[in-house]
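Chemist: Dropping in run.cif, with mmCIF, C-alpha atoms.
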```cif
data_protein
#
loop_
_atom_site.label_atom_id
_atom_site.label_comp_id
_atom_site.auth_asym_id
_atom_site.auth_seq_id
_atom_site.Cartn_x
_atom_site.Cartn_y
_atom_site.Cartn_z
CA THR A 1 -87.20 -113.64 70.44
CA LEU A 2 -90.84 -113.70 69.49
CA VAL A 3 -92.63 -111.73 72.22
CA GLU A 4 -96.35 -111.36 72.84
CA THR A 5 -97.12 -107.66 72.82
CA GLY A 6 -99.92 -107.58 75.38
CA THR A 7 -98.15 -109.49 78.14
CA ARG A 8 -94.49 -109.33 77.04
CA ALA A 9 -94.38 -113.11 77.46
CA LEU A 10 -91.96 -115.09 75.32
CA ILE A 11 -93.43 -117.20 72.55
CA GLY A 12 -90.03 -118.42 71.42
CA ALA A 13 -86.33 -117.64 71.47
CA VAL A 14 -83.23 -118.58 69.51
CA PHE A 15 -79.67 -117.40 69.85
CA GLY A 16 -76.15 -118.08 68.71
CA PRO A 17 -73.07 -116.38 67.30
CA PRO A 18 -73.42 -112.71 66.27
CA ALA A 19 -72.15 -113.58 62.78
CA THR A 20 -75.63 -114.96 62.06
CA GLY A 21 -78.04 -112.14 61.21
CA GLU A 22 -81.27 -111.26 62.99
CA THR A 23 -83.40 -112.26 60.02
CA ASP A 24 -81.78 -115.70 59.91
CA TYR A 25 -82.53 -116.20 63.59
CA ALA A 26 -86.08 -114.92 63.09
CA ARG A 27 -86.62 -117.54 60.38
CA GLN A 28 -86.08 -120.18 63.07
CA LEU A 29 -89.14 -118.81 64.90
CA LEU A 30 -91.53 -118.76 61.93
CA HIS A 31 -92.92 -122.20 62.81
CA LEU A 32 -94.41 -120.59 65.95
CA LEU A 33 -96.60 -118.21 63.93
CA THR A 34 -100.28 -119.07 63.58
CA PRO A 35 -103.23 -117.64 61.66
CA GLY A 36 -104.66 -114.73 63.64
CA MET A 37 -101.23 -113.45 64.72
CA LEU A 38 -100.02 -110.01 63.69
CA VAL A 39 -96.23 -109.74 63.62
CA LEU A 40 -94.84 -106.28 64.40
CA ALA A 41 -91.26 -105.82 63.27
CA GLY A 42 -88.69 -103.07 62.79
CA ARG A 43 -87.02 -102.04 59.56
CA GLY A 44 -84.25 -104.59 60.03
CA PHE A 45 -86.80 -107.21 58.92
CA ASP A 46 -87.77 -105.37 55.72
CA ALA A 47 -86.70 -108.08 53.30
CA GLY A 48 -89.11 -109.28 50.62
CA PRO A 49 -88.33 -113.00 50.97
CA PHE A 50 -88.61 -112.86 54.78
CA LEU A 51 -91.96 -111.03 54.61
CA ALA A 52 -93.20 -113.66 52.15
CA GLU A 53 -92.19 -116.35 54.66
CA ILE A 54 -94.26 -114.65 57.40
CA ALA A 55 -97.24 -114.53 55.04
CA ALA A 56 -96.69 -118.19 54.08
CA ALA A 57 -96.98 -119.05 57.80
CA ARG A 58 -100.50 -117.52 57.50
CA ALA A 59 -99.74 -114.75 59.99
CA GLN A 60 -100.26 -111.09 59.15
CA PHE A 61 -97.51 -108.50 59.53
CA LEU A 62 -96.99 -104.78 60.12
CA VAL A 63 -93.36 -103.95 59.40
CA ARG A 64 -91.48 -100.69 59.16
CA LEU A 65 -89.89 -100.23 55.75
CA GLY A 66 -86.28 -99.14 55.35
CA SER A 67 -85.93 -95.46 54.45
CA ARG A 68 -84.53 -96.29 51.00
CA ARG A 69 -87.20 -98.82 50.07
CA ARG A 70 -89.69 -97.44 47.52
CA LEU A 71 -92.53 -99.73 46.57
CA PRO A 72 -94.67 -99.02 43.49
CA VAL A 73 -98.15 -97.55 43.94
CA MET A 74 -100.74 -99.96 42.52
CA ALA A 75 -103.88 -98.34 43.95
CA ARG A 76 -104.46 -95.43 46.34
CA LEU A 77 -106.92 -95.98 49.18
CA ASP A 78 -109.26 -93.54 50.96
CA ASP A 79 -107.22 -93.46 54.19
CA GLY A 80 -104.07 -92.27 52.39
CA SER A 81 -102.43 -95.70 52.24
CA PHE A 82 -101.80 -97.54 49.00
CA LEU A 83 -101.57 -101.08 47.70
CA SER A 84 -98.24 -102.31 46.38
CA ARG A 85 -96.22 -105.45 45.80
CA THR A 86 -93.02 -106.81 47.23
CA GLY A 87 -92.07 -109.80 45.13
CA GLU A 88 -95.25 -111.85 44.67
CA LEU A 89 -96.84 -110.49 47.85
CA THR A 90 -99.48 -107.74 47.84
CA VAL A 91 -99.03 -105.31 50.73
CA ARG A 92 -100.52 -102.05 51.89
CA VAL A 93 -98.13 -99.18 52.55
CA ILE A 94 -98.92 -96.57 55.21
CA GLU A 95 -97.03 -93.33 55.67
CA ALA A 96 -96.75 -92.17 59.29
CA HIS A 97 -95.79 -88.64 60.29
CA VAL A 98 -94.42 -88.00 63.77
CA THR A 99 -93.88 -84.68 65.51
CA VAL A 100 -92.20 -84.57 68.90
CA THR A 101 -92.15 -81.48 71.12
CA CYS A 102 -89.24 -81.48 73.55
CA ALA A 103 -89.30 -80.06 77.08
CA ASP A 104 -87.54 -76.90 75.86
CA GLY A 105 -90.25 -76.31 73.23
CA THR A 106 -88.22 -77.38 70.20
CA THR A 107 -89.92 -79.75 67.81
CA TRP A 108 -88.67 -82.60 65.69
CA ALA A 109 -90.63 -84.02 62.78
CA GLY A 110 -90.08 -87.13 60.75
CA SER A 111 -91.89 -89.79 58.81
CA TYR A 112 -91.66 -93.50 58.22
CA ARG A 113 -93.52 -96.07 56.17
CA LEU A 114 -95.15 -99.31 57.23
CA ALA A 115 -96.02 -102.32 55.09
CA THR A 116 -98.82 -104.66 56.10
CA THR A 117 -100.76 -107.63 54.83
CA LEU A 118 -103.90 -106.11 56.40
CA LEU A 119 -105.20 -104.84 53.06
CA GLU A 120 -108.75 -103.78 54.03
CA HIS A 121 -108.37 -100.07 54.79
CA ARG A 122 -111.91 -99.68 56.13
CA ARG A 123 -111.53 -102.55 58.57
CA TYR A 124 -107.94 -101.60 59.51
CA PRO A 125 -107.60 -97.80 59.16
CA ALA A 126 -104.11 -96.42 58.68
CA THR A 127 -104.29 -94.30 61.86
CA ALA A 128 -105.17 -97.36 63.96
CA LEU A 129 -102.28 -99.36 62.50
CA ILE A 130 -99.84 -96.50 63.12
CA ARG A 131 -100.92 -96.41 66.78
CA LEU A 132 -100.67 -100.20 66.96
CA TYR A 133 -97.17 -100.22 65.49
CA HIS A 134 -95.91 -98.28 68.49
CA GLU A 135 -96.73 -101.37 70.59
CA ARG A 136 -93.66 -102.93 68.96
CA TRP A 137 -91.65 -101.22 71.69
CA GLU A 138 -93.08 -103.75 74.16
CA HIS A 139 -90.49 -106.11 72.71
CA GLU A 140 -87.70 -103.68 73.57
CA ILE A 141 -89.06 -103.38 77.11
CA ALA A 142 -88.78 -107.17 77.42
CA TYR A 143 -85.08 -106.87 76.53
CA LEU A 144 -84.69 -104.03 79.01
CA ALA A 145 -86.09 -106.28 81.76
CA LEU A 146 -83.73 -109.08 80.79
CA ARG A 147 -80.56 -107.01 80.49
CA HIS A 148 -80.91 -104.30 83.08
CA THR A 149 -83.32 -105.61 85.67
CA LEU A 150 -82.78 -109.36 85.94
CA LEU A 151 -79.06 -109.21 85.14
CA ASP A 152 -78.64 -105.88 86.98
CA GLY A 153 -75.59 -104.98 84.90
CA ARG A 154 -73.88 -108.34 85.40
CA VAL A 155 -72.50 -110.34 82.48
CA LEU A 156 -73.01 -114.04 81.97
CA ARG A 157 -70.35 -115.99 83.86
CA SER A 158 -69.70 -119.03 81.74
CA GLY A 159 -66.62 -119.13 79.57
CA ASP A 160 -67.77 -121.83 77.14
CA PRO A 161 -70.64 -122.03 74.61
CA ALA A 162 -72.51 -124.83 76.41
CA GLY A 163 -72.42 -122.94 79.71
CA LEU A 164 -73.55 -119.71 78.05
CA GLU A 165 -76.46 -121.51 76.43
CA GLN A 166 -77.48 -122.95 79.80
CA GLU A 167 -77.30 -119.51 81.45
CA ILE A 168 -79.34 -117.88 78.69
CA TRP A 169 -82.09 -120.52 78.86
CA ALA A 170 -82.18 -120.16 82.66
CA LEU A 171 -82.49 -116.37 82.34
CA LEU A 172 -85.30 -116.73 79.77
CA ALA A 173 -87.10 -119.27 81.98
CA LEU A 174 -86.88 -116.92 84.98
CA TYR A 175 -88.14 -114.01 82.85
CA GLN A 176 -91.07 -116.09 81.59
CA ALA A 177 -92.05 -117.27 85.08
CA LEU A 178 -91.98 -113.69 86.40
CA ARG A 179 -94.02 -112.36 83.43
CA ARG A 180 -96.67 -115.05 83.92
CA THR A 181 -96.92 -114.17 87.61
CA MET A 182 -97.17 -110.46 86.79
CA VAL A 183 -99.96 -111.08 84.27
CA THR A 184 -101.84 -113.21 86.79
CA ALA A 185 -101.50 -110.41 89.36
CA ALA A 186 -102.71 -107.79 86.84
CA GLU A 187 -105.75 -109.93 86.06
CA THR A 188 -106.89 -109.65 89.72
CA VAL A 189 -107.67 -105.97 89.05
CA PRO A 190 -110.34 -105.86 86.33
CA GLY A 191 -109.46 -103.60 83.41
CA THR A 192 -105.73 -103.53 84.16
CA ASP A 193 -103.55 -103.91 81.08
CA PRO A 194 -100.95 -106.66 81.76
CA ASP A 195 -98.19 -104.55 80.24
CA ARG A 196 -98.64 -102.07 83.10
CA ALA A 197 -96.89 -104.56 85.39
CA SER A 198 -93.17 -103.96 85.39
CA PHE A 199 -90.08 -105.36 87.03
#
```
Step by step, read the file and then write its structure as structure tokens.
Modeler:
Amino acid sequence: TLVETGTRALIGAVFGPPATGETDYARQLLHLLTPGMLVLAGRGFDAGPFLAEIAAARAQFLVRLGSRRRLPVMARLDDGSFLSRTGELTVRVIEAHVTVTCADGTTWAGSYRLATTLLEHRRYPATALIRLYHERWEHEIAYLALRHTLLDGRVLRSGDPAGLEQEIWALLALYQALRRTMVTAAETVPGTDPDRASF
């Protein structure tokens, strides 16, 4: 699915057999991208040709890089990020460090890298993009609502592909109608972030 971060509304969805990979399904949604959009994606979408296709759709992206991916440093920037290339595409790489303190006082630290087409480090500081990347989890919350709230642990009933497709589209339509209603309700209270409304 392509999900709007602020409202968790669906922009588009595709599905089919699990033998087809996520990136191949995502390619079917690229026609929905427009200039002015910023695509947030996990490391499963860290593929040079796929990132070039997002850029060709004139959307920007902020994507987590796989842990083994090492892009060359072309120029270091003042905010600690650096310019690089993936294929023919110029990107900016940002290193993010995360420290988590658990309830028992133990800490866990780790780091990850992000690649973005937002190259202007003064206009888009690394710290702001790191904070923004965490909004990607809004997409996972949309799936949580679909699987665990609307379906309430039930499985789809149909035993044939056409029936399954019909059930999935019905579930997505119900989800979209509920999200739109929730956003409308949130808008009645000025200053309320639509993603505060939950199932």
Chemist: CA of Ala177 (chain A) to CA of Gly44 (chain A): how many Å, to one decimal?
Modeler: 29.1 Å
Chemist: In Å, rounded to a single decimal, give me how far CA of Asp78 (chain A) is from CA of Trp137 (chain A).
Modeler: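 If I compute the distance from CA of Trp137 (chain A) to CA of Asp78 (chain A), I get 28.3 Å.
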Chemist: Point out the residue among A:Tyr112, A:Tyr25, A:Tyr124, A:Phe15 with the least atom-to-atom distance to Leu77 (chain A), counting only C-alpha atoms.
Modeler: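 Closest candidate: A:Tyr124.
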Chemist: Run the PyMOL selection byres ((chain A and resi 81) around 7) on the file and write out the hits as a PyMOL selection string.
Modeler: chain A and resi 76-77+79-80+82+92-95+126
Chemist: How would you write, as a list of chain:residue names, the residues chosen by the PyMOL selection byres ((chain A and resi 135) around 12) on this structure?
Modeler: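 Residues picked by the PyMOL selection byres ((chain A and resi 135) around 12): A:Val3, A:Glu4, A:Thr5, A:Gly6, A:Thr7, A:Arg8, A:Leu38, A:Val39, A:Leu40, A:Ala41, A:Gly42, A:Leu62, A:Val63, A:Ala128, A:Leu129, A:Ile130, A:Arg131, A:Leu132, A:Tyr133, A:His134, A:Arg136, A:Trp137, A:Glu138, A:His139, A:Glu140, A:Ile141, A:Ala142, A:Asp195.
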Chemist: Using all atoms listed in the file for the distances, tell me which of A:Ala19, A:Phe199, A:Gln176, A:Ala52 is nearest to Leu144 (chain A).
Modeler: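 Looking only at the distances to Leu144 (chain A), the closest residue turns out to be A:Phe199.
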Chemist: Would you kindly translate the PyMOL selection byres ((chain A and resi 116) around 6) into the concrete residues it picks from this file, as a PDB file with C-alpha atoms, in the frame of the given file?
Modeler:
```
ATOM      1  CA  PHE A  61     -97.510-108.500  59.530  1.00  0.00           C
ATOM      2  CA  LEU A  62     -96.990-104.780  60.120  1.00  0.00           C
ATOM      3  CA  VAL A  91     -99.030-105.310  50.730  1.00  0.00           C
ATOM      4  CA  ARG A  92    -100.520-102.050  51.890  1.00  0.00           C
ATOM      5  CA  ALA A 115     -96.020-102.320  55.090  1.00  0.00           C
ATOM      6  CA  THR A 117    -100.760-107.630  54.830  1.00  0.00           C
ATOM      7  CA  LEU A 118    -103.900-106.110  56.400  1.00  0.00           C
TER       8      LEU A 118
END
```
Chemist: Rounded to one decimal in Å, what is the spacing between CA of Thr23 (chain A) and CA of Leu10 (chain A)?
Modeler: 17.8 Å
Chemist: So that I can check the surroundings of Thr34 (chain A), please list as a VMD selection string every protein, DNA and RNA residue that reaches within 7 Å of it, counting all atoms listed in the file and ignoring chain neighbours fewer than 2 positions away.
Modeler: chain A and resid 32 36 to 37 57 to 59
Chemist: Please determine, counting all atoms listed in the file, which residue among A:Ala145, A:Leu156, A:Leu150, A:Leu51 has the shortest atom-to-atom distance to Leu89 (chain A).
Modeler: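 Ranking A:Ala145, A:Leu156, A:Leu150, A:Leu51 by distance to Leu89 (chain A), first place goes to A:Leu51.
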Chemist: Point out the residue among A:Thr184, A:Thr106, A:Thr127, A:Ser111 with the least atom-to-atom distance to Ser67 (chain A), counting all atoms listed in the file.
Modeler: A:Ser111
Chemist: Which polymer residues have any atom within 10 Å of an atom of Arg69 (chain A), counting all atoms listed in the file, with same-chain residues fewer than 3 positions away left out, as a list in words?
Modeler: Asp46, Ala47, Leu65, Gly66, Pro72 and Arg113 of chain A
